[in-house]
Amino acid sequence: MDLSKHAYFEGKIVPLSEANVSIASHAFLYGTSVFSGMRAFWNEERKRLFIFRPYDHFRRLLHSARMMAMQTSHDEESLIQLTLDLLRTDSWKQDIYFRPTFYKADLGIGVRLHDVSDDFCIFVMAYEKYVKNDSNAHVTFSSWRRIDDNAIPARGKIAGAYVNSALIKSDAVRSGFDEALALDQNGHVSEGSAMNVFMARDGVLITPPVTDNILEGVTRKTVIELARRELGIEVVERSIDRTEVFAAEEMFFTGTAAGITGITKVDHRLIGTGEMGPIATQLRTLYENAIYARNPKYEHWNIAV
């Protein structure tokens, strides 16, 4: 894993080796941190690195921090500036993934969210493909239910909540699948282990609503806009029953790390023709042109480093 030489930690940019959190910290002991997974893309033709939709990511991160009763003086603009400063320090010239994190920093024992100090950090790494089989993924329905918003805020990227994702992912991979679909407490399709999901039926693109215990994904939001504006496809946000999946013409995951990942089999049943479908294929091309700042129409989604 190719990590950055520097990180933002305790208010300044430092060598990564100095960005250390104590084993006695609240965030380590109780999972009380919130994060965003973000990416920047190297445009070889323009010789520039572009951060994709940083305002949207940081806005969601600040919402997650509020859910965890965190106090911060940062806003979206200040977080973007910190990120630019850090990325310029190491002069990245390749696709990268970075993780800004707010965390409960006090040392010692005590389960609570109040009266605990908060801090912020960022580290960077070279991008590695999240799902290797990203055009032909074979998935299964997980026996683990997606966490309920009344138990842990499902729309927040809370570190401790990703135990749920880890259980879902590992069981699927160890059983020979690439990924899994998780159901919510009502038995409706929620999302993958850490990605949103879309299904095509009768030419309509369907995705679970934000009230079905999903993360309010930035890539999900991007795909909805591209499908409507560029392909003229109707997009409906509604609950999806488990057996509807077997009648789908296409399915795919979306996520910052996963991009657009085609699902071609669910529990050994072919989805559509058993190949990544035309809607997903077209959306992947549109999405990649947007994230690499190749389409002037969506230039406002990118910030050059």
# chains A, B, ... in the order shown; residues from 1 in each chain; ligands from 1
>>> residues_around(residues="Thr89 of chain A", least_positions_apart="2", cutoff="9 Å", atoms="only C-alpha atoms", output="list in words")
Lys5, His6, Ile13, Leu84, Asp85, Leu86, Leu87, Ser91 and Trp92 of chain A
>>> residues_around(residues="segment 272-284 of chain A", least_positions_apart="6", cutoff="6 Å", atoms="only C-alpha atoms", output="mmCIF file with N, CA and C atoms, in the first residue's frame")
data_model
loop_
_atom_site.group_PDB
_atom_site.id
_atom_site.type_symbol
_atom_site.label_atom_id
_atom_site.label_comp_id
_atom_site.auth_asym_id
_atom_site.auth_seq_id
_atom_site.Cartn_x
_atom_site.Cartn_y
_atom_site.Cartn_z
ATOM 1 N N SER A 135 -16.673 -5.344 -13.299
ATOM 2 C CA SER A 135 -17.615 -5.374 -14.425
ATOM 3 C C SER A 135 -18.481 -6.626 -14.417
ATOM 4 N N GLU A 249 -33.157 -6.206 -14.918
ATOM 5 C CA GLU A 249 -32.433 -6.266 -16.195
ATOM 6 C C GLU A 249 -30.964 -5.905 -16.019
ATOM 7 N N GLU A 250 -30.702 -5.044 -15.032
ATOM 8 C CA GLU A 250 -29.333 -4.644 -14.705
ATOM 9 C C GLU A 250 -29.261 -4.338 -13.218
ATOM 10 N N ILE A 260 -18.414 2.692 -10.360
ATOM 11 C CA ILE A 260 -19.607 1.979 -10.820
ATOM 12 C C ILE A 260 -19.203 0.531 -11.075
ATOM 13 N N GLY A 262 -20.428 -3.256 -11.929
ATOM 14 C CA GLY A 262 -21.511 -4.035 -12.505
ATOM 15 C C GLY A 262 -21.763 -5.325 -11.735
ATOM 16 N N THR A 264 -23.552 -8.912 -12.046
ATOM 17 C CA THR A 264 -24.075 -9.785 -13.100
ATOM 18 C C THR A 264 -24.712 -11.064 -12.580
#
>>> residues_around(residues="Ser36 of chain A", least_positions_apart="3", cutoff="12 Å", atoms="only C-alpha atoms", output="PyMOL selection string")
chain A and resi 33+39+53-65+79+97-102+120-124+155-159+215-218+255-257
>>> closest_residue(among="A:Ala19, A:Val204, A:Val266, A:Leu113", to="Ala180 of chain A", atoms="only C-alpha atoms")
A:Val266
>>> atom_distance(atom1="atom CA of Thr140 of chain A", atom2="atom CA of Ala227 of chain A")
26.0 Å
>>> select_by_dssp(residues="segment 179-287 of chain A", states="alpha helix (DSSP H)", output="PDB file with N, CA and C atoms, in the first residue's frame")
ATOM      1  N   VAL A 218     -22.290  10.235  -2.330  1.00  0.00           N
ATOM      2  CA  VAL A 218     -21.971  11.285  -3.299  1.00  0.00           C
ATOM      3  C   VAL A 218     -21.950  10.706  -4.708  1.00  0.00           C
ATOM      4  N   THR A 219     -21.416   9.500  -4.868  1.00  0.00           N
ATOM      5  CA  THR A 219     -21.430   8.859  -6.184  1.00  0.00           C
ATOM      6  C   THR A 219     -22.862   8.521  -6.585  1.00  0.00           C
ATOM      7  N   ARG A 220     -23.664   8.078  -5.644  1.00  0.00           N
ATOM      8  CA  ARG A 220     -25.097   7.824  -5.898  1.00  0.00           C
ATOM      9  C   ARG A 220     -25.761   9.087  -6.440  1.00  0.00           C
ATOM     10  N   LYS A 221     -25.523  10.200  -5.778  1.00  0.00           N
ATOM     11  CA  LYS A 221     -26.085  11.486  -6.202  1.00  0.00           C
ATOM     12  C   LYS A 221     -25.611  11.853  -7.603  1.00  0.00           C
ATOM     13  N   THR A 222     -24.338  11.599  -7.878  1.00  0.00           N
ATOM     14  CA  THR A 222     -23.766  11.895  -9.190  1.00  0.00           C
ATOM     15  C   THR A 222     -24.428  11.057 -10.281  1.00  0.00           C
ATOM     16  N   VAL A 223     -24.577   9.760 -10.014  1.00  0.00           N
ATOM     17  CA  VAL A 223     -25.159   8.852 -11.004  1.00  0.00           C
ATOM     18  C   VAL A 223     -26.618   9.206 -11.299  1.00  0.00           C
ATOM     19  N   ILE A 224     -27.362   9.578 -10.277  1.00  0.00           N
ATOM     20  CA  ILE A 224     -28.760   9.983 -10.495  1.00  0.00           C
ATOM     21  C   ILE A 224     -28.822  11.174 -11.442  1.00  0.00           C
ATOM     22  N   GLU A 225     -27.956  12.144 -11.220  1.00  0.00           N
ATOM     23  CA  GLU A 225     -27.953  13.334 -12.083  1.00  0.00           C
ATOM     24  C   GLU A 225     -27.516  13.000 -13.499  1.00  0.00           C
ATOM     25  N   LEU A 226     -26.474  12.185 -13.647  1.00  0.00           N
ATOM     26  CA  LEU A 226     -26.005  11.817 -14.985  1.00  0.00           C
ATOM     27  C   LEU A 226     -27.051  11.008 -15.743  1.00  0.00           C
ATOM     28  N   ALA A 227     -27.728  10.093 -15.055  1.00  0.00           N
ATOM     29  CA  ALA A 227     -28.751   9.271 -15.713  1.00  0.00           C
ATOM     30  C   ALA A 227     -29.889  10.140 -16.228  1.00  0.00           C
ATOM     31  N   ARG A 228     -30.313  11.090 -15.425  1.00  0.00           N
ATOM     32  CA  ARG A 228     -31.431  11.945 -15.817  1.00  0.00           C
ATOM     33  C   ARG A 228     -31.035  12.939 -16.902  1.00  0.00           C
ATOM     34  N   ARG A 229     -29.886  13.596 -16.733  1.00  0.00           N
ATOM     35  CA  ARG A 229     -29.507  14.677 -17.639  1.00  0.00           C
ATOM     36  C   ARG A 229     -28.906  14.176 -18.945  1.00  0.00           C
ATOM     37  N   GLU A 230     -28.054  13.157 -18.852  1.00  0.00           N
ATOM     38  CA  GLU A 230     -27.305  12.713 -20.034  1.00  0.00           C
ATOM     39  C   GLU A 230     -27.985  11.574 -20.776  1.00  0.00           C
ATOM     40  N   PRO A 278     -26.118  -2.083 -20.601  1.00  0.00           N
ATOM     41  CA  PRO A 278     -25.843  -0.839 -21.332  1.00  0.00           C
ATOM     42  C   PRO A 278     -25.991   0.421 -20.485  1.00  0.00           C
ATOM     43  N   ILE A 279     -26.932   0.436 -19.540  1.00  0.00           N
ATOM     44  CA  ILE A 279     -27.096   1.638 -18.711  1.00  0.00           C
ATOM     45  C   ILE A 279     -25.870   1.823 -17.824  1.00  0.00           C
ATOM     46  N   ALA A 280     -25.455   0.758 -17.153  1.00  0.00           N
ATOM     47  CA  ALA A 280     -24.274   0.839 -16.293  1.00  0.00           C
ATOM     48  C   ALA A 280     -23.028   1.190 -17.096  1.00  0.00           C
ATOM     49  N   THR A 281     -22.906   0.617 -18.289  1.00  0.00           N
ATOM     50  CA  THR A 281     -21.735   0.876 -19.137  1.00  0.00           C
ATOM     51  C   THR A 281     -21.674   2.336 -19.546  1.00  0.00           C
ATOM     52  N   GLN A 282     -22.817   2.877 -19.981  1.00  0.00           N
ATOM     53  CA  GLN A 282     -22.852   4.290 -20.369  1.00  0.00           C
ATOM     54  C   GLN A 282     -22.594   5.200 -19.172  1.00  0.00           C
ATOM     55  N   LEU A 283     -23.165   4.862 -18.033  1.00  0.00           N
ATOM     56  CA  LEU A 283     -22.971   5.682 -16.843  1.00  0.00           C
ATOM     57  C   LEU A 283     -21.517   5.650 -16.383  1.00  0.00           C
ATOM     58  N   ARG A 284     -20.867   4.508 -16.524  1.00  0.00           N
ATOM     59  CA  ARG A 284     -19.458   4.438 -16.131  1.00  0.00           C
ATOM     60  C   ARG A 284     -18.617   5.374 -16.990  1.00  0.00           C
ATOM     61  N   THR A 285     -18.875   5.404 -18.284  1.00  0.00           N
ATOM     62  CA  THR A 285     -18.135   6.311 -19.171  1.00  0.00           C
ATOM     63  C   THR A 285     -18.379   7.770 -18.807  1.00  0.00           C
ATOM     64  N   LEU A 286     -19.645   8.116 -18.581  1.00  0.00           N
ATOM     65  CA  LEU A 286     -19.984   9.483 -18.192  1.00  0.00           C
ATOM     66  C   LEU A 286     -19.340   9.853 -16.863  1.00  0.00           C
ATOM     67  N   TYR A 287     -19.387   8.938 -15.927  1.00  0.00           N
ATOM     68  CA  TYR A 287     -18.824   9.174 -14.597  1.00  0.00           C
ATOM     69  C   TYR A 287     -17.309   9.372 -14.678  1.00  0.00           C
TER      70      TYR A 287
END
>>> residues_around(residues="Ala137 of chain A", least_positions_apart="6", cutoff="8 Å", atoms="only C-alpha atoms", output="MDAnalysis selection string")
chainID A and resid 177:179 261:265
>>> write_last_selection(atoms="C-alpha atoms", output="PDB file, in the first residue's frame")
ATOM      1  CA  PHE A 177     -18.628 -14.017  -3.730  1.00  0.00           C
ATOM      2  CA  ASP A 178     -17.264 -10.619  -4.714  1.00  0.00           C
ATOM      3  CA  GLU A 179     -19.700  -8.631  -2.568  1.00  0.00           C
ATOM      4  CA  THR A 261     -19.370  -1.787 -10.314  1.00  0.00           C
ATOM      5  CA  GLY A 262     -21.511  -4.035 -12.505  1.00  0.00           C
ATOM      6  CA  ILE A 263     -23.446  -6.849 -10.766  1.00  0.00           C
ATOM      7  CA  THR A 264     -24.075  -9.785 -13.100  1.00  0.00           C
ATOM      8  CA  LYS A 265     -25.109 -12.566 -10.689  1.00  0.00           C
TER       9      LYS A 265
END
>>> closest_residue(among="A:Val131, A:Leu231, A:Ala248, A:Leu49", to="Ala194 of chain A", atoms="only C-alpha atoms")
A:Val131
>>> atom_distance(atom1="atom CA of Ile271 of chain A", atom2="atom CA of Gly232 of chain A")
22.7 Å
>>> atom_distance(atom1="atom CA of Ile23 of chain A", atom2="atom CA of Gly108 of chain A")
9.3 Å
>>> residues_around(residues="Ala258 of chain A", least_positions_apart="6", cutoff="10 Å", atoms="only C-alpha atoms", output="PyMOL selection string")
chain A and resi 128-132+134+194-196+219
>>> closest_residue(among="A:Val21, A:Ala161, A:Ile303, A:Ile152", to="Tyr103 of chain A", atoms="only C-alpha atoms")
A:Val21
>>> residues_around(residues="Ala304 of chain A", least_positions_apart="5", cutoff="7 Å", atoms="only C-alpha atoms", output="list of chain:residue names")
A:Arg48, A:Leu49, A:Phe50, A:Ile51
>>> write_last_selection(atoms="N, CA and C atoms", output="JSON list (two decimals), in the first residue's frame")
[["chain", "number", "residue", "atom", "x", "y", "z"],
["A", 48, "ARG", "N", -2.81, 17.61, -14.31],
["A", 48, "ARG", "CA", -3.37, 18.17, -13.09],
["A", 48, "ARG", "C", -4.10, 17.08, -12.31],
["A", 49, "LEU", "N", -4.10, 17.25, -11.01],
["A", 49, "LEU", "CA", -4.85, 16.38, -10.11],
["A", 49, "LEU", "C", -6.14, 17.10, -9.73],
["A", 50, "PHE", "N", -7.27, 16.39, -9.82],
["A", 50, "PHE", "CA", -8.57, 17.00, -9.54],
["A", 50, "PHE", "C", -9.27, 16.25, -8.41],
["A", 51, "ILE", "N", -9.69, 16.99, -7.37],
["A", 51, "ILE", "CA", -10.50, 16.41, -6.30],
["A", 51, "ILE", "C", -11.95, 16.42, -6.75]]
>>> select_by_dssp(residues="segment 130-228 of chain A", states="strand (DSSP E)", output="ChimeraX atom specification")
/A:137-141,179-183,189-191,196-201,204-207
>>> write_last_selection(atoms="N, CA and C atoms", output="PDB file, in the first residue's frame")
ATOM      1  N   ALA A 137     -19.435  -8.592 -11.202  1.00  0.00           N
ATOM      2  CA  ALA A 137     -19.451  -8.999  -9.798  1.00  0.00           C
ATOM      3  C   ALA A 137     -20.566 -10.005  -9.514  1.00  0.00           C
ATOM      4  N   HIS A 138     -20.215 -11.038  -8.754  1.00  0.00           N
ATOM      5  CA  HIS A 138     -21.174 -12.043  -8.299  1.00  0.00           C
ATOM      6  C   HIS A 138     -21.406 -11.798  -6.817  1.00  0.00           C
ATOM      7  N   VAL A 139     -22.634 -11.495  -6.443  1.00  0.00           N
ATOM      8  CA  VAL A 139     -22.927 -11.113  -5.056  1.00  0.00           C
ATOM      9  C   VAL A 139     -23.954 -12.058  -4.448  1.00  0.00           C
ATOM     10  N   THR A 140     -24.099 -11.940  -3.132  1.00  0.00           N
ATOM     11  CA  THR A 140     -25.051 -12.758  -2.395  1.00  0.00           C
ATOM     12  C   THR A 140     -25.822 -11.876  -1.416  1.00  0.00           C
ATOM     13  N   PHE A 141     -26.982 -12.334  -0.992  1.00  0.00           N
ATOM     14  CA  PHE A 141     -27.690 -11.640   0.085  1.00  0.00           C
ATOM     15  C   PHE A 141     -27.050 -12.024   1.413  1.00  0.00           C
ATOM     16  N   GLU A 179     -19.076  -9.629  -3.443  1.00  0.00           N
ATOM     17  CA  GLU A 179     -19.700  -8.631  -2.568  1.00  0.00           C
ATOM     18  C   GLU A 179     -21.011  -9.196  -2.050  1.00  0.00           C
ATOM     19  N   ALA A 180     -21.742  -8.355  -1.312  1.00  0.00           N
ATOM     20  CA  ALA A 180     -23.028  -8.788  -0.764  1.00  0.00           C
ATOM     21  C   ALA A 180     -24.029  -7.656  -0.825  1.00  0.00           C
ATOM     22  N   LEU A 181     -25.295  -8.034  -0.820  1.00  0.00           N
ATOM     23  CA  LEU A 181     -26.396  -7.094  -0.655  1.00  0.00           C
ATOM     24  C   LEU A 181     -26.943  -7.269   0.754  1.00  0.00           C
ATOM     25  N   ALA A 182     -27.095  -6.148   1.464  1.00  0.00           N
ATOM     26  CA  ALA A 182     -27.645  -6.195   2.822  1.00  0.00           C
ATOM     27  C   ALA A 182     -29.086  -5.718   2.804  1.00  0.00           C
ATOM     28  N   LEU A 183     -29.921  -6.381   3.588  1.00  0.00           N
ATOM     29  CA  LEU A 183     -31.319  -5.986   3.743  1.00  0.00           C
ATOM     30  C   LEU A 183     -31.463  -5.125   4.992  1.00  0.00           C
ATOM     31  N   VAL A 189     -33.991  -4.238   0.258  1.00  0.00           N
ATOM     32  CA  VAL A 189     -32.593  -4.076  -0.136  1.00  0.00           C
ATOM     33  C   VAL A 189     -32.120  -2.696   0.312  1.00  0.00           C
ATOM     34  N   SER A 190     -31.025  -2.657   1.042  1.00  0.00           N
ATOM     35  CA  SER A 190     -30.490  -1.389   1.528  1.00  0.00           C
ATOM     36  C   SER A 190     -29.287  -0.958   0.692  1.00  0.00           C
ATOM     37  N   GLU A 191     -28.183  -1.695   0.800  1.00  0.00           N
ATOM     38  CA  GLU A 191     -26.983  -1.364   0.028  1.00  0.00           C
ATOM     39  C   GLU A 191     -26.024  -2.542   0.085  1.00  0.00           C
ATOM     40  N   ASN A 196     -23.713   2.009  -2.401  1.00  0.00           N
ATOM     41  CA  ASN A 196     -25.122   2.102  -2.772  1.00  0.00           C
ATOM     42  C   ASN A 196     -25.400   1.162  -3.943  1.00  0.00           C
ATOM     43  N   VAL A 197     -26.679   0.885  -4.181  1.00  0.00           N
ATOM     44  CA  VAL A 197     -27.048  -0.065  -5.223  1.00  0.00           C
ATOM     45  C   VAL A 197     -28.155   0.510  -6.106  1.00  0.00           C
ATOM     46  N   PHE A 198     -28.089   0.178  -7.395  1.00  0.00           N
ATOM     47  CA  PHE A 198     -29.099   0.560  -8.378  1.00  0.00           C
ATOM     48  C   PHE A 198     -29.572  -0.692  -9.111  1.00  0.00           C
ATOM     49  N   MET A 199     -30.835  -0.658  -9.541  1.00  0.00           N
ATOM     50  CA  MET A 199     -31.439  -1.739 -10.300  1.00  0.00           C
ATOM     51  C   MET A 199     -32.210  -1.139 -11.467  1.00  0.00           C
ATOM     52  N   ALA A 200     -32.127  -1.759 -12.634  1.00  0.00           N
ATOM     53  CA  ALA A 200     -32.908  -1.328 -13.791  1.00  0.00           C
ATOM     54  C   ALA A 200     -34.017  -2.337 -14.065  1.00  0.00           C
ATOM     55  N   ARG A 201     -35.264  -1.832 -14.177  1.00  0.00           N
ATOM     56  CA  ARG A 201     -36.408  -2.652 -14.562  1.00  0.00           C
ATOM     57  C   ARG A 201     -37.276  -1.865 -15.526  1.00  0.00           C
ATOM     58  N   VAL A 204     -36.410   1.712 -16.293  1.00  0.00           N
ATOM     59  CA  VAL A 204     -36.395   2.677 -15.196  1.00  0.00           C
ATOM     60  C   VAL A 204     -35.280   2.288 -14.226  1.00  0.00           C
ATOM     61  N   LEU A 205     -34.524   3.289 -13.774  1.00  0.00           N
ATOM     62  CA  LEU A 205     -33.461   3.048 -12.805  1.00  0.00           C
ATOM     63  C   LEU A 205     -34.034   3.254 -11.406  1.00  0.00           C
ATOM     64  N   ILE A 206     -33.849   2.262 -10.546  1.00  0.00           N
ATOM     65  CA  ILE A 206     -34.438   2.275  -9.206  1.00  0.00           C
ATOM     66  C   ILE A 206     -33.327   2.145  -8.178  1.00  0.00           C
ATOM     67  N   THR A 207     -33.405   2.947  -7.128  1.00  0.00           N
ATOM     68  CA  THR A 207     -32.425   2.879  -6.049  1.00  0.00           C
ATOM     69  C   THR A 207     -33.131   3.100  -4.723  1.00  0.00           C
TER      70      THR A 207
END
